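*Asks:* Take a look at this one; I'll ask things after.
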Amino acid sequence: MRDNVIIGQYMETDSVLHRLDPRTKLLSLVVVMIGLLMLKPGIGYAVAAVFALGVLTLSKVSFRAYWKGLKPVLFVLMFTFLYHALFTKGTTVIWTWSYIGLTAEGLAKGAAFVGRIVLLILMASVLTFTTKPLELALGFQKLLAPLSRLHVPVEQISLMIVIAIRFIPTILQELDRILLAQKARGVDMAALKLPQRIFAYVPILVPLLFTTIGRAEQLAYAIEARAYGNGKGRTSYRQLKFGPLDAWTGGTAVLFAVAILAINMGGIS
């Protein structure tokens, strides 16, 4: 299960995106996501798909890894598509039964929503695939540094965000271990019917909760033993600095968002 989760994992490759400043990747991700949220059905989706394909290729991470990362949300994507396809009013009716009906407008709307969600997940996964957790924390800290003047615990917030992201595959690894223990005792989740399987997961949540709390407590002791404190005044071995490559990357992200905005305003479809 943990192999199918995209968020929180880092893959070491010699790519351009790996060498970027983490602040550049964070800011570029925000700009690109704003552009994706502005998408309207039409040529904008084609532009976004080509842009996403280029970014995934530059990361030098296998497309199989991205596909495996999408597997856990396939049910959500399917439900989203069917909901819009069956409950969207339209003039071109393909099939109807009682209060539900399949329309061409619903199919288009469902496909648009699913495409947007997929693009957002892929762009977010590029960040975690190409950025080490400590670099990500440092990038968050530097970007949020102005808030420290308002007595906001920037260092603690940055560390908390990165630990939360990093703990996702760790929790799933623990869940895999519990499921294997249950299987060794004769409980096969895959053989159960869906309603039985849902209720069978309830007793698994209790040991998972206890082990997660135990890991969090161990992590807190480790941080305290290393005298991390509130994080203020701590130095970093790697000093972040922007370079020409970061400027090109940020400019490309802005250009993408502007292109999507121009397509929307121009009514190009």
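Order determines the names: the first chain of the structure tokens is A, the second B, and so forth; residues in each chain are numbered 1 upward, and ligands are numbered 1 upward as they are shown.
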Name the residues of region 9-228 of chain A that come out as helix (DSSP H, G or I) in a backbone DSSP run; write them as a PyMOL selection string.

*Replies:* chain A and resi 17-19+22-37+43-59+63-87+104-130+133-143+145-150+154-184+189-191+194-200+202-225

*Asks:* Do you know which residues are at most 8 Å from Val93 (chain A) counting only C-alpha atoms, after dropping those on the same chain fewer than 6 positions away, and could you put them as a list of chain:residue names?

*Replies:* A:Gly101, A:Leu102, A:Thr103, A:Ala104

*Asks:* Convert the current residue selection to file output with N, CA and C atoms, as a PDB file, in the first residue's frame.

*Replies:*
```pdb
ATOM      1  N   GLY A 101     -29.941  10.949 -15.343  1.00  0.00           N
ATOM      2  CA  GLY A 101     -29.803  10.900 -16.787  1.00  0.00           C
ATOM      3  C   GLY A 101     -28.382  11.202 -17.218  1.00  0.00           C
ATOM      4  N   LEU A 102     -27.939  10.530 -18.250  1.00  0.00           N
ATOM      5  CA  LEU A 102     -26.593  10.723 -18.786  1.00  0.00           C
ATOM      6  C   LEU A 102     -26.671  11.696 -19.946  1.00  0.00           C
ATOM      7  N   THR A 103     -25.964  12.813 -19.810  1.00  0.00           N
ATOM      8  CA  THR A 103     -25.975  13.834 -20.853  1.00  0.00           C
ATOM      9  C   THR A 103     -24.564  14.089 -21.361  1.00  0.00           C
ATOM     10  N   ALA A 104     -24.483  14.619 -22.566  1.00  0.00           N
ATOM     11  CA  ALA A 104     -23.177  14.956 -23.143  1.00  0.00           C
ATOM     12  C   ALA A 104     -22.507  16.052 -22.339  1.00  0.00           C
TER      13      ALA A 104
END
```

*Asks:* Taking 5 positions as the minimum chain separation for residues in the same chain, which residues sit within 12 Å of Phe210 (chain A) when counting only C-alpha atoms? Answer as a ChimeraX atom specification.

*Replies:* /A:171,174-175,178,203-205,215-217

*Asks:* Using the selection just defined, write its residues with all heavy atoms as a JSON list (two decimals), in the first residue's frame.

*Replies:*
```
[["chain", "number", "residue", "atom", "x", "y", "z"],
["A", 171, "ILE", "N", 2.98, 5.86, 8.11],
["A", 171, "ILE", "CA", 1.73, 5.34, 8.66],
["A", 171, "ILE", "C", 1.20, 4.20, 7.80],
["A", 171, "ILE", "O", 0.71, 3.18, 8.32],
["A", 171, "ILE", "CB", 0.69, 6.48, 8.77],
["A", 171, "ILE", "CG1", 1.14, 7.50, 9.82],
["A", 171, "ILE", "CG2", -0.68, 5.93, 9.12],
["A", 171, "ILE", "CD1", 0.26, 8.73, 9.89],
["A", 174, "GLU", "N", 3.04, 1.07, 8.50],
["A", 174, "GLU", "CA", 2.55, 0.46, 9.72],
["A", 174, "GLU", "C", 1.22, -0.26, 9.47],
["A", 174, "GLU", "O", 0.97, -1.34, 10.01],
["A", 174, "GLU", "CB", 2.36, 1.53, 10.80],
["A", 174, "GLU", "CG", 2.13, 0.99, 12.20],
["A", 174, "GLU", "CD", 3.33, 0.23, 12.73],
["A", 174, "GLU", "OE1", 4.47, 0.59, 12.39],
["A", 174, "GLU", "OE2", 3.10, -0.75, 13.48],
["A", 175, "LEU", "N", 0.38, 0.33, 8.63],
["A", 175, "LEU", "CA", -0.89, -0.31, 8.28],
["A", 175, "LEU", "C", -0.66, -1.61, 7.53],
["A", 175, "LEU", "O", -1.35, -2.61, 7.77],
["A", 175, "LEU", "CB", -1.73, 0.65, 7.44],
["A", 175, "LEU", "CG", -3.09, 0.13, 6.96],
["A", 175, "LEU", "CD1", -3.97, -0.26, 8.14],
["A", 175, "LEU", "CD2", -3.79, 1.17, 6.09],
["A", 178, "ILE", "N", 0.25, -4.25, 10.07],
["A", 178, "ILE", "CA", -0.90, -4.73, 10.84],
["A", 178, "ILE", "C", -1.76, -5.67, 9.99],
["A", 178, "ILE", "O", -2.25, -6.70, 10.47],
["A", 178, "ILE", "CB", -1.74, -3.54, 11.35],
["A", 178, "ILE", "CG1", -0.91, -2.71, 12.34],
["A", 178, "ILE", "CG2", -3.01, -4.01, 12.01],
["A", 178, "ILE", "CD1", -1.58, -1.42, 12.77],
["A", 203, "PRO", "N", -11.39, -2.58, 13.85],
["A", 203, "PRO", "CA", -10.42, -2.97, 14.88],
["A", 203, "PRO", "C", -8.97, -2.74, 14.49],
["A", 203, "PRO", "O", -8.08, -2.74, 15.36],
["A", 203, "PRO", "CB", -10.69, -4.48, 15.07],
["A", 203, "PRO", "CG", -11.42, -4.91, 13.87],
["A", 203, "PRO", "CD", -12.17, -3.73, 13.36],
["A", 204, "ILE", "N", -8.71, -2.54, 13.18],
["A", 204, "ILE", "CA", -7.33, -2.26, 12.75],
["A", 204, "ILE", "C", -6.95, -0.83, 13.08],
["A", 204, "ILE", "O", -5.77, -0.52, 13.32],
["A", 204, "ILE", "CB", -7.21, -2.53, 11.23],
["A", 204, "ILE", "CG1", -7.37, -4.02, 10.95],
["A", 204, "ILE", "CG2", -5.88, -2.04, 10.68],
["A", 204, "ILE", "CD1", -7.35, -4.37, 9.49],
["A", 205, "LEU", "N", -7.93, 0.07, 13.12],
["A", 205, "LEU", "CA", -7.65, 1.48, 13.37],
["A", 205, "LEU", "C", -7.11, 1.71, 14.78],
["A", 205, "LEU", "O", -6.33, 2.64, 15.00],
["A", 205, "LEU", "CB", -8.91, 2.32, 13.16],
["A", 205, "LEU", "CG", -9.46, 2.36, 11.73],
["A", 205, "LEU", "CD1", -10.75, 3.16, 11.67],
["A", 205, "LEU", "CD2", -8.43, 2.94, 10.79],
["A", 215, "ARG", "N", 5.00, 6.46, 17.65],
["A", 215, "ARG", "CA", 6.04, 7.00, 16.76],
["A", 215, "ARG", "C", 6.18, 8.51, 16.92],
["A", 215, "ARG", "O", 7.29, 9.05, 16.91],
["A", 215, "ARG", "CB", 5.71, 6.65, 15.30],
["A", 215, "ARG", "CG", 5.97, 5.20, 14.93],
["A", 215, "ARG", "CD", 5.63, 4.96, 13.48],
["A", 215, "ARG", "NE", 5.89, 3.60, 13.08],
["A", 215, "ARG", "CZ", 7.06, 3.16, 12.60],
["A", 215, "ARG", "NH1", 8.07, 4.00, 12.48],
["A", 215, "ARG", "NH2", 7.21, 1.90, 12.25],
["A", 216, "ALA", "N", 5.05, 9.19, 17.05],
["A", 216, "ALA", "CA", 5.10, 10.64, 17.24],
["A", 216, "ALA", "C", 5.79, 11.00, 18.55],
["A", 216, "ALA", "O", 6.56, 11.96, 18.62],
["A", 216, "ALA", "CB", 3.68, 11.21, 17.22],
["A", 217, "GLU", "N", 5.54, 10.21, 19.58],
["A", 217, "GLU", "CA", 6.20, 10.47, 20.86],
["A", 217, "GLU", "C", 7.69, 10.22, 20.77],
["A", 217, "GLU", "O", 8.49, 11.01, 21.32],
["A", 217, "GLU", "CB", 5.58, 9.57, 21.93],
["A", 217, "GLU", "CG", 6.01, 9.90, 23.35],
["A", 217, "GLU", "CD", 5.28, 9.08, 24.39],
["A", 217, "GLU", "OE1", 4.51, 8.17, 24.01],
["A", 217, "GLU", "OE2", 5.47, 9.34, 25.60]]
```

*Asks:* Excluding Val162 (chain A) and its own-chain neighbours fewer than 4 positions away, which residues fall within 9 Å of it when counting only C-alpha atoms? Please give them as a PyMOL selection string.

*Replies:* chain A and resi 8+133-134+136-137+140+157-158+166-167

*Asks:* Work out how far apart CA of His18 (chain A) and CA of Val114 (chain A) are and give it in Å to one decimal.

*Replies:*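 Those two atoms sit 28.1 Å apart.
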